[in-house]
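See below for data05.cif, which holds mmCIF, C-alpha atoms.
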data_input
loop_
_atom_site.label_atom_id
_atom_site.label_comp_id
_atom_site.auth_asym_id
_atom_site.auth_seq_id
_atom_site.Cartn_x
_atom_site.Cartn_y
_atom_site.Cartn_z
CA MET L 1 -22.46 18.19 15.31
CA LEU L 2 -21.85 14.67 16.47
CA ASN L 3 -24.35 12.89 18.70
CA LYS L 4 -22.80 10.95 21.56
CA PRO L 5 -21.46 7.77 19.97
CA LYS L 6 -22.58 4.50 21.58
CA LEU L 7 -19.23 2.96 20.76
CA ILE L 8 -15.78 4.43 20.13
CA VAL L 9 -13.36 2.26 18.14
CA PHE L 10 -9.68 3.16 18.37
CA ASP L 11 -7.01 2.28 15.89
CA VAL L 12 -3.89 1.26 17.83
CA ASN L 13 -0.51 1.89 16.16
CA GLU L 14 0.26 5.60 15.70
CA THR L 15 -3.21 6.56 16.96
CA LEU L 16 -2.86 5.44 20.60
CA LEU L 17 0.72 4.20 20.66
CA ASN L 18 3.82 6.20 19.81
CA LEU L 19 5.88 4.27 17.27
CA GLU L 20 8.94 6.51 17.72
CA PRO L 21 11.02 3.89 19.64
CA LEU L 22 10.40 1.35 16.86
CA LYS L 23 11.11 3.97 14.20
CA LEU L 24 14.48 4.73 15.76
CA LYS L 25 15.39 1.01 15.88
CA VAL L 26 14.40 0.47 12.24
CA ASN L 27 16.19 3.59 10.97
CA HIS L 28 19.27 2.68 12.98
CA ALA L 29 19.34 -0.89 11.68
CA LEU L 30 19.05 0.27 8.06
CA TYR L 31 21.21 3.41 8.50
CA ASN L 32 18.56 5.66 6.96
CA ASP L 33 16.15 8.23 8.36
CA PHE L 34 13.40 7.21 5.95
CA ALA L 35 13.69 3.43 6.32
CA PHE L 36 10.84 3.20 8.83
CA ASP L 37 8.48 5.24 6.64
CA LEU L 38 9.32 3.19 3.56
CA TRP L 39 8.88 -0.07 5.46
CA PHE L 40 5.61 0.88 7.16
CA SER L 41 4.11 2.04 3.87
CA LYS L 42 5.18 -1.20 2.18
CA LEU L 43 3.76 -3.22 5.10
CA LEU L 44 0.37 -1.54 4.66
CA HIS L 45 0.49 -2.02 0.89
CA TYR L 46 1.30 -5.74 1.11
CA SER L 47 -1.33 -6.34 3.80
CA LEU L 48 -3.86 -5.20 1.18
CA VAL L 49 -2.14 -7.25 -1.52
CA GLU L 50 -2.93 -10.31 0.64
CA THR L 51 -6.58 -9.30 1.12
CA ILE L 52 -7.06 -8.31 -2.54
CA THR L 53 -5.78 -11.72 -3.66
CA GLU L 54 -8.07 -13.39 -1.11
CA GLN L 55 -5.23 -14.71 1.02
CA TYR L 56 -4.14 -13.99 4.54
CA ALA L 57 -0.75 -13.88 6.19
CA ASP L 58 -0.59 -12.45 9.70
CA PHE L 59 0.63 -8.88 10.17
CA SER L 60 3.84 -9.90 11.94
CA SER L 61 4.80 -12.15 9.00
CA ILE L 62 4.10 -9.42 6.45
CA ALA L 63 6.03 -6.97 8.64
CA ALA L 64 9.10 -9.23 8.59
CA ALA L 65 8.74 -9.95 4.83
CA THR L 66 8.48 -6.29 3.86
CA PHE L 67 11.31 -5.39 6.26
CA ARG L 68 13.47 -7.89 4.38
CA MET L 69 12.55 -6.15 1.09
CA VAL L 70 13.45 -2.71 2.43
CA ALA L 71 16.73 -4.03 3.88
CA GLN L 72 17.58 -5.47 0.45
CA ARG L 73 16.83 -2.10 -1.12
CA PHE L 74 19.36 -0.51 1.23
CA GLU L 75 21.75 -3.40 0.46
CA ILE L 76 21.89 -4.49 4.07
CA ASP L 77 22.15 -8.16 4.88
CA ILE L 78 20.37 -8.85 8.13
CA PRO L 79 19.55 -12.23 9.72
CA ASP L 80 15.90 -13.19 10.33
CA THR L 81 16.53 -13.39 14.07
CA GLU L 82 17.70 -9.77 14.08
CA ILE L 83 14.65 -8.67 12.08
CA SER L 84 12.44 -10.39 14.68
CA ALA L 85 14.33 -8.70 17.50
CA ILE L 86 13.96 -5.24 15.92
CA LEU L 87 10.26 -5.69 15.13
CA SER L 88 9.49 -7.08 18.60
CA ASN L 89 9.98 -3.50 19.85
CA ILE L 90 6.41 -2.94 18.67
CA LYS L 91 5.27 -4.74 21.83
CA ASN L 92 6.75 -2.09 24.13
CA LEU L 93 5.58 1.25 22.87
CA PRO L 94 4.44 4.08 25.10
CA PRO L 95 1.04 5.64 24.59
CA HIS L 96 1.14 9.11 23.03
CA THR L 97 1.35 11.65 25.88
CA ASP L 98 -2.28 12.79 25.45
CA VAL L 99 -3.82 9.31 25.42
CA VAL L 100 -4.21 8.39 29.11
CA GLU L 101 -5.92 11.70 29.88
CA ALA L 102 -8.16 11.30 26.84
CA LEU L 103 -9.21 7.75 27.68
CA THR L 104 -9.73 8.69 31.35
CA LEU L 105 -12.07 11.52 30.28
CA LEU L 106 -14.04 9.26 27.94
CA LYS L 107 -14.30 6.55 30.59
CA LYS L 108 -15.53 9.05 33.19
CA THR L 109 -18.20 10.31 30.82
CA GLY L 110 -19.47 6.78 30.30
CA HIS L 111 -18.20 5.96 26.80
CA THR L 112 -17.72 2.40 25.68
CA MET L 113 -14.34 1.96 24.02
CA VAL L 114 -12.73 -0.85 22.04
CA ALA L 115 -9.54 -1.17 19.97
CA LEU L 116 -9.33 -2.50 16.41
CA THR L 117 -5.97 -3.18 14.82
CA ASN L 118 -4.40 -4.82 11.77
CA GLY L 119 -1.85 -6.36 14.16
CA ASN L 120 -2.00 -9.92 15.49
CA GLN L 121 -4.34 -10.47 18.46
CA ASP L 122 -1.57 -11.55 20.84
CA VAL L 123 0.63 -8.60 19.86
CA ALA L 124 -2.24 -6.11 20.29
CA ASP L 125 -3.15 -7.47 23.73
CA GLU L 126 0.46 -7.25 24.85
CA GLN L 127 0.92 -3.77 23.38
CA LEU L 128 -2.06 -2.27 25.19
CA GLU L 129 -1.20 -4.10 28.41
CA ASN L 130 2.41 -2.86 28.33
CA ALA L 131 1.26 0.68 27.50
CA GLY L 132 -1.01 0.59 30.55
CA ILE L 133 -4.21 1.33 28.62
CA LYS L 134 -5.78 -2.08 28.10
CA GLY L 135 -8.09 -1.54 31.09
CA PHE L 136 -9.86 1.30 29.24
CA MET L 137 -10.95 -1.06 26.47
CA LYS L 138 -14.04 -3.24 26.69
CA LYS L 139 -12.42 -5.45 24.09
CA VAL L 140 -9.35 -5.57 21.85
CA PHE L 141 -10.14 -6.71 18.31
CA SER L 142 -7.65 -7.89 15.71
CA VAL L 143 -8.55 -8.22 12.01
CA GLU L 144 -7.03 -11.72 12.36
CA ILE L 145 -10.49 -13.06 13.19
CA VAL L 146 -11.88 -12.13 9.75
CA ASN L 147 -8.61 -12.78 7.88
CA ARG L 148 -8.94 -9.48 6.06
CA TYR L 149 -7.13 -6.22 6.64
CA LYS L 150 -8.50 -2.77 7.30
CA PRO L 151 -9.94 -0.89 5.50
CA HIS L 152 -12.01 -3.87 4.22
CA SER L 153 -15.61 -3.36 5.41
CA GLU L 154 -15.71 -6.81 7.07
CA THR L 155 -13.14 -5.69 9.63
CA TYR L 156 -15.39 -2.86 10.83
CA ASN L 157 -18.59 -4.89 10.46
CA TYR L 158 -17.18 -7.61 12.69
CA VAL L 159 -16.71 -5.13 15.53
CA LEU L 160 -20.16 -3.58 14.98
CA LYS L 161 -21.78 -7.00 15.12
CA ALA L 162 -19.79 -8.16 18.16
CA MET L 163 -20.59 -4.96 20.03
CA LYS L 164 -24.20 -4.88 18.77
CA THR L 165 -24.02 -1.30 17.51
CA SER L 166 -25.03 0.29 14.23
CA PRO L 167 -22.39 2.03 12.08
CA LYS L 168 -23.98 5.46 12.55
CA ASP L 169 -23.76 5.11 16.36
CA THR L 170 -20.08 4.20 16.17
CA LEU L 171 -17.07 6.49 15.93
CA LEU L 172 -13.75 5.29 14.55
CA VAL L 173 -10.75 7.26 15.82
CA ALA L 174 -7.59 6.93 13.73
CA ALA L 175 -4.45 8.78 12.69
CA HIS L 176 -4.55 7.12 9.25
CA GLY L 177 -6.31 8.49 6.19
CA TRP L 178 -6.91 4.99 4.84
CA ASP L 179 -8.60 3.87 8.07
CA ILE L 180 -10.85 6.95 8.08
CA VAL L 181 -11.94 6.40 4.48
CA GLY L 182 -12.64 2.72 5.15
CA ALA L 183 -14.78 3.48 8.21
CA GLN L 184 -16.63 6.21 6.29
CA ARG L 185 -17.41 3.81 3.48
CA ALA L 186 -18.63 1.26 6.06
CA GLY L 187 -21.10 3.93 7.24
CA MET L 188 -19.36 4.83 10.52
CA LYS L 189 -18.67 8.23 11.99
CA THR L 190 -14.99 9.17 11.98
CA ALA L 191 -12.51 11.24 13.95
CA PHE L 192 -9.12 11.93 12.40
CA VAL L 193 -6.14 12.39 14.70
CA ALA L 194 -3.86 14.75 12.77
CA ARG L 195 -0.66 13.61 14.45
CA GLU L 196 2.65 14.90 13.09
CA GLY L 197 3.20 13.70 9.54
CA LYS L 198 -0.34 12.26 9.23
CA PHE L 199 -2.84 13.64 6.74
CA ILE L 200 -6.32 12.82 5.51
CA TYR L 201 -6.73 11.24 2.10
CA PRO L 202 -7.82 14.07 -0.20
CA LEU L 203 -10.29 11.86 -2.11
CA ALA L 204 -12.22 10.94 1.06
CA SER L 205 -15.10 12.88 2.63
CA HIS L 206 -14.24 15.09 5.57
CA PRO L 207 -14.12 13.24 8.90
CA ASP L 208 -16.83 14.17 11.41
CA LEU L 209 -14.18 15.34 13.86
CA THR L 210 -10.53 16.32 13.56
CA GLY L 211 -8.04 17.06 16.32
CA LYS L 212 -4.29 17.12 16.69
CA THR L 213 -4.48 14.60 19.53
CA VAL L 214 -6.89 12.01 20.89
CA LEU L 215 -7.37 14.38 23.85
CA GLU L 216 -8.64 17.15 21.57
CA ILE L 217 -11.08 14.68 20.07
CA ALA L 218 -12.15 13.37 23.49
CA LYS L 219 -12.91 16.95 24.55
CA GLU L 220 -14.99 17.53 21.44
CA ILE L 221 -16.93 14.31 22.03
CA THR L 222 -17.64 15.02 25.69
CA GLN L 223 -18.68 18.62 24.97
CA SER L 224 -21.08 17.66 22.19
CA MET B 1 11.35 -25.16 -17.49
CA LEU B 2 8.81 -22.86 -19.04
CA ASN B 3 6.87 -23.89 -22.14
CA LYS B 4 6.57 -21.17 -24.77
CA PRO B 5 3.86 -18.82 -23.44
CA LYS B 6 0.99 -18.10 -25.84
CA LEU B 7 0.73 -14.60 -24.41
CA ILE B 8 3.21 -12.34 -22.61
CA VAL B 9 1.70 -9.60 -20.45
CA PHE B 10 4.00 -6.73 -19.50
CA ASP B 11 3.59 -4.43 -16.57
CA VAL B 12 4.47 -0.88 -17.71
CA ASN B 13 5.89 1.50 -15.09
CA GLU B 14 9.32 0.44 -13.80
CA THR B 15 9.14 -2.83 -15.79
CA LEU B 16 9.29 -1.39 -19.33
CA LEU B 17 9.63 2.33 -18.63
CA ASN B 18 12.37 4.01 -16.62
CA LEU B 19 10.77 6.25 -13.99
CA GLU B 20 14.07 7.99 -13.18
CA PRO B 21 13.13 11.32 -14.88
CA LEU B 22 9.87 11.44 -12.85
CA LYS B 23 11.73 10.42 -9.70
CA LEU B 24 14.16 13.32 -10.12
CA LYS B 25 11.30 15.80 -10.62
CA VAL B 26 9.41 14.54 -7.54
CA ASN B 27 12.51 14.50 -5.32
CA HIS B 28 13.48 17.95 -6.54
CA ALA B 29 10.02 19.39 -5.89
CA LEU B 30 9.94 17.99 -2.35
CA TYR B 31 13.66 18.56 -1.62
CA ASN B 32 14.17 14.98 -0.50
CA ASP B 33 15.87 11.94 -2.07
CA PHE B 34 13.22 9.56 -0.70
CA ALA B 35 10.12 11.57 -1.62
CA PHE B 36 9.49 9.60 -4.83
CA ASP B 37 9.77 6.24 -3.05
CA LEU B 38 7.44 7.35 -0.26
CA TRP B 39 4.93 8.76 -2.73
CA PHE B 40 4.94 5.76 -5.09
CA SER B 41 4.47 3.35 -2.17
CA LYS B 42 1.59 5.46 -0.86
CA LEU B 43 0.06 5.62 -4.35
CA LEU B 44 0.09 1.82 -4.57
CA HIS B 45 -1.34 1.48 -1.05
CA TYR B 46 -4.21 3.89 -1.68
CA SER B 47 -5.04 2.32 -5.06
CA LEU B 48 -5.75 -0.87 -3.08
CA VAL B 49 -7.62 1.09 -0.40
CA GLU B 50 -10.01 2.13 -3.19
CA THR B 51 -10.44 -1.42 -4.48
CA ILE B 52 -10.77 -2.94 -0.97
CA THR B 53 -13.57 -0.47 -0.16
CA GLU B 54 -15.22 -1.30 -3.49
CA GLN B 55 -14.70 2.15 -4.95
CA TYR B 56 -12.67 3.40 -7.85
CA ALA B 57 -10.78 6.61 -8.45
CA ASP B 58 -8.51 6.73 -11.49
CA PHE B 59 -4.76 6.27 -11.00
CA SER B 60 -3.90 9.86 -11.96
CA SER B 61 -6.31 11.19 -9.31
CA ILE B 62 -4.88 8.92 -6.61
CA ALA B 63 -1.38 9.89 -7.73
CA ALA B 64 -2.17 13.58 -7.22
CA ALA B 65 -3.97 12.95 -3.89
CA THR B 66 -1.12 10.91 -2.41
CA PHE B 67 1.44 13.40 -3.77
CA ARG B 68 -0.42 16.10 -1.83
CA MET B 69 -0.17 13.94 1.34
CA VAL B 70 3.58 13.42 0.91
CA ALA B 71 4.10 17.15 0.21
CA GLN B 72 2.24 17.95 3.45
CA ARG B 73 4.46 15.50 5.32
CA PHE B 74 7.49 17.43 4.05
CA GLU B 75 5.69 20.68 4.95
CA ILE B 76 5.76 21.91 1.38
CA ASP B 77 2.86 23.92 0.05
CA ILE B 78 2.46 23.22 -3.62
CA PRO B 79 -0.39 24.30 -5.93
CA ASP B 80 -2.50 21.63 -7.67
CA THR B 81 -1.40 22.92 -11.08
CA GLU B 82 2.23 22.33 -10.14
CA ILE B 83 1.46 18.81 -8.89
CA SER B 84 -0.20 18.10 -12.25
CA ALA B 85 2.79 19.49 -14.10
CA ILE B 86 5.24 17.34 -12.12
CA LEU B 87 3.19 14.17 -12.47
CA SER B 88 2.62 14.72 -16.21
CA ASN B 89 6.28 13.76 -16.63
CA ILE B 90 5.06 10.16 -16.40
CA LYS B 91 3.90 10.51 -20.01
CA ASN B 92 7.41 11.03 -21.33
CA LEU B 93 9.55 8.29 -19.87
CA PRO B 94 12.21 6.42 -21.82
CA PRO B 95 12.09 2.63 -22.01
CA HIS B 96 14.75 0.91 -19.88
CA THR B 97 17.83 0.45 -22.08
CA ASP B 98 17.28 -3.32 -22.48
CA VAL B 99 13.63 -3.11 -23.49
CA VAL B 100 13.69 -2.39 -27.24
CA GLU B 101 16.14 -5.26 -27.87
CA ALA B 102 14.06 -7.57 -25.68
CA LEU B 103 10.76 -6.76 -27.38
CA THR B 104 12.39 -7.01 -30.81
CA LEU B 105 13.68 -10.50 -29.98
CA LEU B 106 10.28 -11.63 -28.68
CA LYS B 107 8.51 -10.18 -31.74
CA LYS B 108 10.95 -11.93 -34.10
CA THR B 109 10.34 -15.26 -32.38
CA GLY B 110 6.60 -14.88 -32.84
CA HIS B 111 5.43 -14.01 -29.33
CA THR B 112 2.17 -12.17 -28.74
CA MET B 113 2.66 -9.30 -26.31
CA VAL B 114 0.29 -6.97 -24.48
CA ALA B 115 0.70 -4.40 -21.72
CA LEU B 116 -1.37 -4.23 -18.53
CA THR B 117 -1.08 -1.26 -16.20
CA ASN B 118 -2.75 0.32 -13.17
CA GLY B 119 -2.43 3.66 -14.99
CA ASN B 120 -5.23 5.34 -16.90
CA GLN B 121 -5.82 4.07 -20.45
CA ASP B 122 -5.05 7.39 -22.15
CA VAL B 123 -1.86 7.82 -20.10
CA ALA B 124 -0.68 4.28 -20.85
CA ASP B 125 -1.30 4.69 -24.59
CA GLU B 126 0.63 7.96 -24.63
CA GLN B 127 3.47 6.54 -22.51
CA LEU B 128 4.10 3.57 -24.77
CA GLU B 129 3.72 5.71 -27.91
CA ASN B 130 6.20 8.30 -26.61
CA ALA B 131 8.63 5.57 -25.54
CA GLY B 132 8.49 4.15 -29.07
CA ILE B 133 7.36 0.67 -27.98
CA LYS B 134 3.61 0.73 -28.53
CA GLY B 135 3.99 -1.02 -31.88
CA PHE B 136 5.28 -4.16 -30.16
CA MET B 137 2.02 -4.55 -28.21
CA LYS B 138 -1.05 -6.25 -29.68
CA LYS B 139 -3.07 -4.29 -27.14
CA VAL B 140 -2.58 -1.93 -24.20
CA PHE B 141 -4.85 -2.74 -21.25
CA SER B 142 -5.63 -0.47 -18.32
CA VAL B 143 -7.29 -1.76 -15.15
CA GLU B 144 -9.65 1.20 -15.67
CA ILE B 145 -11.97 -1.09 -17.63
CA VAL B 146 -12.64 -3.33 -14.59
CA ASN B 147 -12.45 -0.48 -12.03
CA ARG B 148 -10.18 -2.56 -9.82
CA TYR B 149 -6.44 -2.33 -9.32
CA LYS B 150 -3.77 -4.97 -9.74
CA PRO B 151 -3.18 -7.38 -8.10
CA HIS B 152 -6.95 -8.10 -7.95
CA SER B 153 -7.59 -11.27 -10.00
CA GLU B 154 -10.21 -9.52 -12.17
CA THR B 155 -7.51 -7.33 -13.71
CA TYR B 156 -5.59 -10.36 -14.97
CA ASN B 157 -8.72 -12.31 -15.84
CA TYR B 158 -9.96 -9.49 -18.04
CA VAL B 159 -6.81 -9.69 -20.16
CA LEU B 160 -6.96 -13.49 -20.32
CA LYS B 161 -10.56 -13.37 -21.50
CA ALA B 162 -9.97 -10.57 -24.00
CA MET B 163 -6.95 -12.39 -25.45
CA LYS B 164 -8.64 -15.81 -25.24
CA THR B 165 -5.78 -17.46 -23.38
CA SER B 166 -5.66 -19.62 -20.28
CA PRO B 167 -3.69 -18.46 -17.21
CA LYS B 168 -1.17 -21.31 -17.51
CA ASP B 169 -0.36 -20.30 -21.11
CA THR B 170 0.23 -16.70 -20.08
CA LEU B 171 3.37 -15.13 -18.65
CA LEU B 172 3.24 -11.91 -16.63
CA VAL B 173 6.48 -9.94 -16.67
CA ALA B 174 6.86 -7.39 -13.88
CA ALA B 175 9.44 -5.64 -11.71
CA HIS B 176 7.01 -5.58 -8.76
CA GLY B 177 6.69 -8.27 -6.12
CA TRP B 178 2.99 -7.47 -5.61
CA ASP B 179 2.22 -7.89 -9.32
CA ILE B 180 4.06 -11.23 -9.42
CA VAL B 181 2.16 -12.58 -6.40
CA GLY B 182 -1.16 -11.43 -7.86
CA ALA B 183 -0.50 -13.11 -11.22
CA GLN B 184 0.65 -16.29 -9.44
CA ARG B 185 -2.54 -16.39 -7.41
CA ALA B 186 -4.55 -15.87 -10.62
CA GLY B 187 -2.84 -19.01 -11.98
CA MET B 188 -0.49 -17.34 -14.43
CA LYS B 189 3.18 -17.98 -15.06
CA THR B 190 5.45 -15.19 -13.88
CA ALA B 191 8.78 -13.58 -14.71
CA PHE B 192 10.29 -11.19 -12.18
CA VAL B 193 12.50 -8.40 -13.47
CA ALA B 194 14.93 -7.77 -10.61
CA ARG B 195 15.65 -4.16 -11.50
CA GLU B 196 17.71 -2.08 -9.09
CA GLY B 197 15.90 -1.68 -5.78
CA LYS B 198 13.17 -4.19 -6.72
CA PHE B 199 12.72 -7.45 -4.80
CA ILE B 200 10.28 -10.34 -4.74
CA TYR B 201 7.80 -10.58 -1.88
CA PRO B 202 9.23 -13.20 0.48
CA LEU B 203 5.79 -14.72 1.22
CA ALA B 204 5.10 -15.44 -2.48
CA SER B 205 6.08 -18.55 -4.42
CA HIS B 206 9.17 -18.27 -6.59
CA PRO B 207 8.52 -16.77 -10.01
CA ASP B 208 8.95 -19.13 -12.97
CA LEU B 209 11.69 -16.92 -14.35
CA THR B 210 13.91 -14.20 -12.91
CA GLY B 211 16.28 -11.88 -14.71
CA LYS B 212 17.92 -8.55 -14.03
CA THR B 213 16.41 -7.09 -17.20
CA VAL B 214 13.56 -7.81 -19.59
CA LEU B 215 16.26 -8.75 -22.10
CA GLU B 216 17.57 -11.52 -19.81
CA ILE B 217 14.03 -12.81 -19.50
CA ALA B 218 13.40 -12.57 -23.25
CA LYS B 219 16.53 -14.65 -23.86
CA GLU B 220 15.37 -17.29 -21.38
CA ILE B 221 11.94 -17.44 -23.03
CA THR B 222 13.30 -17.76 -26.55
CA GLN B 223 15.83 -20.40 -25.56
CA SER B 224 13.27 -22.54 -23.73
#

Represent the supplied structure as structure tokens.
Amino acid sequence: MLNKPKLIVFDVNETLLNLEPLKLKVNHALYNDFAFDLWFSKLLHYSLVETITEQYADFSSIAAATFRMVAQRFEIDIPDTEISAILSNIKNLPPHTDVVEALTLLKKTGHTMVALTNGNQDVADEQLENAGIKGFMKKVFSVEIVNRYKPHSETYNYVLKAMKTSPKDTLLVAAHGWDIVGAQRAGMKTAFVAREGKFIYPLASHPDLTGKTVLEIAKEITQS
Amino acid sequence: MLNKPKLIVFDVNETLLNLEPLKLKVNHALYNDFAFDLWFSKLLHYSLVETITEQYADFSSIAAATFRMVAQRFEIDIPDTEISAILSNIKNLPPHTDVVEALTLLKKTGHTMVALTNGNQDVADEQLENAGIKGFMKKVFSVEIVNRYKPHSETYNYVLKAMKTSPKDTLLVAAHGWDIVGAQRAGMKTAFVAREGKFIYPLASHPDLTGKTVLEIAKEITQS
């Protein structure tokens, strides 16, 4: 069983926000149903390449760079301005349909919530504002401030320190296996959102909670 | 212009060895032409997730774990023994058609060559033996010995120390943008093999050499 967490940290993209509109734009631009998946996986890989080599480029820059690589792979020549226009769709994503109800329930039951994302601070603020869920969050954190990407422990530790909570009193909620394993290894509790096409990393420990939606997880938290 | 390198370090998979037979097996098993690409990208991402969180699981284990995740995404239930059987095809890959001529030329002109791979040591030894190119290499290095994955600087530094060469006298040859950027940031010279579907990372510096094949690069080195 999970004691009531003092702090709930939400991953943003895919966990709270539905990337489907962006996915459609990317797949359409590259004429391939798997272009988005290939690009997003490459984006995550190269964000860690930066951190591993002790460098930092912001997430939007890596997103554009890896998009260029995937476009080349599909032999599509696409101007930088068009890449920017396609990727700017990330700022106007809807929340997943379960999210507002989930956050409302957690707010009502007195939970403190923050967001933590690999995305740029200004993009994350705009995303949550446009999705109508920024008001639920006590604070929106970007890894930009530590110049390292999740799942590096410093990204989680920064939030813990800023919010003055211990890892064991903090629950990370994410739809990404790599985020769950990172939070686990930083000593946090974890809740995995098993959204469509998302799976835990088989070499990680089991998350403390699992649900198909954030709402399922919110119900488990508030009933515990 | 590039001075004659005292040491040439070759990446293995995709750079020297042709992964096409493995790709066909993976795509066939998951009934999708992009399954291999999605899996290989995820494998690379999770190898860095391990290193970023200061853990280590061997490459074969991460390969099987991420294969399981991709199979789940395609809603295919596949026993662990079958995953092992599919992935064991990595041990019997042919060299790319230009490789034997390239290595022969470099050997003739007195170059010292080694291999450095993210793969397990025993797998790498078997791969190069089965491909008939192990004899060209003074040594086969696996990142296993430092328990960190490329492009972490320790992986390159281990080879430099073991071979008693300085980074600026050493040339890394790879078909991967992430390997090139890592070697650059470790101070080494780099040669990018622009094999089909492979592109440099736009946020990296230009490699010292670029060729479509290892043979093109070998010719540039021996003419310099």

*Shortest interatomic distance to chain B - which of L:Val123, L:Leu103, L:Met137, L:Ala64, counting only C-alpha atoms*: L:Ala64

*Kindly resolve the PyMOL selection byres ((chain L) within 6 of (chain B)) on the present coordinates and return the residues as a PyMOL selection string.*
chain L and resi 38+45+52-53+65+73+152+197+202

Ground truth for the PyMOL selection byres ((chain B and resi 25) around 12), written as a tab-separated table (two decimals) with C-alpha atoms, in the frame of the given file:
chain	number	residue	atom	x	y	z
B	19	LEU	CA	10.77	6.25	-13.99
B	20	GLU	CA	14.07	7.99	-13.18
B	21	PRO	CA	13.13	11.32	-14.88
B	22	LEU	CA	9.87	11.44	-12.85
B	23	LYS	CA	11.73	10.42	-9.70
B	24	LEU	CA	14.16	13.32	-10.12
B	26	VAL	CA	9.41	14.54	-7.54
B	27	ASN	CA	12.51	14.50	-5.32
B	28	HIS	CA	13.48	17.95	-6.54
B	29	ALA	CA	10.02	19.39	-5.89
B	30	LEU	CA	9.94	17.99	-2.35
B	31	TYR	CA	13.66	18.56	-1.62
B	32	ASN	CA	14.17	14.98	-0.50
B	33	ASP	CA	15.87	11.94	-2.07
B	34	PHE	CA	13.22	9.56	-0.70
B	35	ALA	CA	10.12	11.57	-1.62
B	36	PHE	CA	9.49	9.60	-4.83
B	82	GLU	CA	2.23	22.33	-10.14
B	83	ILE	CA	1.46	18.81	-8.89
B	84	SER	CA	-0.20	18.10	-12.25
B	85	ALA	CA	2.79	19.49	-14.10
B	86	ILE	CA	5.24	17.34	-12.12
B	87	LEU	CA	3.19	14.17	-12.47
B	88	SER	CA	2.62	14.72	-16.21
B	89	ASN	CA	6.28	13.76	-16.63
B	90	ILE	CA	5.06	10.16	-16.40

*Just so the selection is clear, what residues does the PyMOL selection byres ((chain B and resi 170) around 6) cover here, as a list in words?*
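When the PyMOL selection byres ((chain B and resi 170) around 6) is applied to the shown file, the picked residues are Pro5, Lys6, Leu7, Ile8, Pro167, Lys168, Asp169, Leu171, Met188 and Lys189 of chain B.
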
Now that the selection is made, can you save its residues with C-alpha atoms as an mmCIF file, in the frame of the given file?
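selection_21.cif was written with the following content:
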data_model
loop_
_atom_site.group_PDB
_atom_site.id
_atom_site.type_symbol
_atom_site.label_atom_id
_atom_site.label_comp_id
_atom_site.auth_asym_id
_atom_site.auth_seq_id
_atom_site.Cartn_x
_atom_site.Cartn_y
_atom_site.Cartn_z
ATOM 1 C CA PRO B 5 3.860 -18.820 -23.440
ATOM 2 C CA LYS B 6 0.990 -18.100 -25.840
ATOM 3 C CA LEU B 7 0.730 -14.600 -24.410
ATOM 4 C CA ILE B 8 3.210 -12.340 -22.610
ATOM 5 C CA PRO B 167 -3.690 -18.460 -17.210
ATOM 6 C CA LYS B 168 -1.170 -21.310 -17.510
ATOM 7 C CA ASP B 169 -0.360 -20.300 -21.110
ATOM 8 C CA LEU B 171 3.370 -15.130 -18.650
ATOM 9 C CA MET B 188 -0.490 -17.340 -14.430
ATOM 10 C CA LYS B 189 3.180 -17.980 -15.060
#

*For CA of Asn118 in chain L and CA of Asn147 in chain L, the interatomic separation in Å (one decimal)*: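 CA of Asn147 in chain L lies at a distance of 9.8 Å from CA of Asn118 in chain L.
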
Residue neighbourhood His96 in chain B, 6 Å, all atoms listed in the file, exclusion window fewer than 3 positions, as a compact mmCIF listing (two decimals) with C-alpha atoms, in the coordinates of the input:
# COMPACT_ATOMS: atom_id res chain seq x y z
CA LEU B 16 9.29 -1.39 -19.33
CA LEU B 17 9.63 2.33 -18.63
CA ASN B 18 12.37 4.01 -16.62
CA VAL B 99 13.63 -3.11 -23.49

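Of the listed residues (B:Asn92, B:Thr104, B:Thr222, B:Asn3), B:Thr104 comes nearest to Phe136 in chain B; the distances count all atoms listed in the file.
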
*asked:* as a list in words, please: the residues near Leu209 in chain B (cut-off 8 Å, only C-alpha atoms, same-chain neighbours under 6 positions excluded).
replied: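 Here the answer would be Thr190, Ala191, Phe192, Ile217 and Glu220 of chain B.
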
*Could you jot down the CA of Lys134 in chain B to CA of Thr81 in chain B separation for me, Å, one decimal place?*
28.7 Å

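For the pair CA of Asp58 in chain B and CA of Gly187 in chain B, the separation is 26.4 Å.
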
Go ahead and fit an axis-aligned box to every listed atom of range 133-149 of chain L plus 4 Å each side, and pass me the centre and edge lengths in Å, one decimal, as lines of an AutoDock Vina configuration file.
center_x = -9.1
center_y = -5.9
center_z = 18.6
size_x = 17.8
size_y = 22.4
size_z = 33.0
